[in-house]
Amino acid sequence: MNAPDQPKWLTERIEQSSDRIRKGTCPHCHCPVLRARAGRIAALDVIADPDPIDPITEILARVDGRLTWHLTTSALGVQRITWRDQFHIRAGPAKHPVIADHHCPPQPVQGTLL
């Protein structure tokens, strides 16, 4: 069965389990996010902010308990989210843009608006 013969639900299911990025919005704060499944064996569903971060922001994100990821782009232009662990961080400057798990911005409190 090749791709054109696949049912639509199967194609969507395969796309959802891929490490290729899918652009979307956060259901809570409606900010733009990137979604993917990082890893092959013990995959993790990732929802990350689309903007690359610098090393200081990465440290702050890690201290805050957020994971950081590589945003890689293949020669064909396919973007993927891949693991970034302590070994990548120790190796020096990142070869790919680094992104962090999404964290919704704080919502304004009604009393402070007046």
# chains A, B, ... in the order shown; residues from 1 in each chain; ligands from 1
>>> residues_around(residues="Cys31 (chain A)", least_positions_apart="4", cutoff="10 Å", atoms="only C-alpha atoms", output="list in words")
Gly24, Thr25, Cys26, Pro27, Asp49, Pro50, His102, His103, Cys104 and Pro105 of chain A
>>> write_last_selection(atoms="N, CA, C and O atoms", output="PDB file, in the first residue's frame")
ATOM      1  N   GLY A  24       1.330  24.977  15.156  1.00  0.00           N
ATOM      2  CA  GLY A  24      -0.003  25.103  15.701  1.00  0.00           C
ATOM      3  C   GLY A  24      -0.044  26.195  16.745  1.00  0.00           C
ATOM      4  O   GLY A  24       0.872  27.021  16.830  1.00  0.00           O
ATOM      5  N   THR A  25      -1.096  26.195  17.536  1.00  0.00           N
ATOM      6  CA  THR A  25      -1.224  27.159  18.625  1.00  0.00           C
ATOM      7  C   THR A  25      -1.521  26.410  19.917  1.00  0.00           C
ATOM      8  O   THR A  25      -2.100  25.325  19.904  1.00  0.00           O
ATOM      9  N   CYS A  26      -1.121  27.009  21.020  1.00  0.00           N
ATOM     10  CA  CYS A  26      -1.385  26.432  22.338  1.00  0.00           C
ATOM     11  C   CYS A  26      -2.880  26.551  22.619  1.00  0.00           C
ATOM     12  O   CYS A  26      -3.471  27.622  22.430  1.00  0.00           O
ATOM     13  N   PRO A  27      -3.527  25.485  23.081  1.00  0.00           N
ATOM     14  CA  PRO A  27      -4.962  25.567  23.355  1.00  0.00           C
ATOM     15  C   PRO A  27      -5.304  26.457  24.548  1.00  0.00           C
ATOM     16  O   PRO A  27      -6.438  26.905  24.679  1.00  0.00           O
ATOM     17  N   ASP A  49       8.173  26.267  22.114  1.00  0.00           N
ATOM     18  CA  ASP A  49       8.088  27.617  21.555  1.00  0.00           C
ATOM     19  C   ASP A  49       8.887  27.646  20.261  1.00  0.00           C
ATOM     20  O   ASP A  49       9.963  27.044  20.181  1.00  0.00           O
ATOM     21  N   PRO A  50       8.413  28.332  19.220  1.00  0.00           N
ATOM     22  CA  PRO A  50       9.086  28.293  17.925  1.00  0.00           C
ATOM     23  C   PRO A  50      10.346  29.153  17.838  1.00  0.00           C
ATOM     24  O   PRO A  50      11.164  28.952  16.952  1.00  0.00           O
ATOM     25  N   HIS A 102       7.277  24.668  25.646  1.00  0.00           N
ATOM     26  CA  HIS A 102       6.370  25.816  25.749  1.00  0.00           C
ATOM     27  C   HIS A 102       5.932  26.029  27.193  1.00  0.00           C
ATOM     28  O   HIS A 102       5.651  25.074  27.922  1.00  0.00           O
ATOM     29  N   HIS A 103       5.892  27.263  27.581  1.00  0.00           N
ATOM     30  CA  HIS A 103       5.399  27.659  28.899  1.00  0.00           C
ATOM     31  C   HIS A 103       4.459  28.836  28.669  1.00  0.00           C
ATOM     32  O   HIS A 103       4.877  29.884  28.165  1.00  0.00           O
ATOM     33  N   CYS A 104       3.198  28.674  29.020  1.00  0.00           N
ATOM     34  CA  CYS A 104       2.216  29.745  28.804  1.00  0.00           C
ATOM     35  C   CYS A 104       2.604  30.979  29.610  1.00  0.00           C
ATOM     36  O   CYS A 104       2.988  30.856  30.781  1.00  0.00           O
ATOM     37  N   PRO A 105       2.500  32.166  28.997  1.00  0.00           N
ATOM     38  CA  PRO A 105       2.790  33.382  29.754  1.00  0.00           C
ATOM     39  C   PRO A 105       1.740  33.587  30.839  1.00  0.00           C
ATOM     40  O   PRO A 105       0.605  33.119  30.710  1.00  0.00           O
TER      41      PRO A 105
END
>>> select_by_dssp(residues="region 78-111 of chain A", states="strand (DSSP E)", output="PyMOL selection string")
chain A and resi 79-83+98-100
>>> atom_distance(atom1="CA of Pro55 (chain A)", atom2="CA of Arg90 (chain A)")
11.6 Å
>>> select_by_dssp(residues="region 12-91 of chain A", states="helix (DSSP H, G or I)", output="PyMOL selection string")
chain A and resi 12-16+55-63+86-90
>>> residues_around(residues="Gln86 (chain A)", least_positions_apart="3", cutoff="12 Å", atoms="only C-alpha atoms", output="list in words")
Glu58, Ile59, Arg62, Leu67, Thr68, Trp69, Trp83, Ile89, Arg90, Ala91, Gly92 and Ala94 of chain A
>>> atom_distance(atom1="CA of Ile99 (chain A)", atom2="CA of His28 (chain A)")
19.6 Å
>>> atom_distance(atom1="CA of Ser74 (chain A)", atom2="CA of Ala61 (chain A)")
26.1 Å
>>> residues_around(residues="Thr72 (chain A)", least_positions_apart="3", cutoff="10 Å", atoms="only C-alpha atoms", output="PyMOL selection string")
chain A and resi 20-21+69+75+77-82+95-98
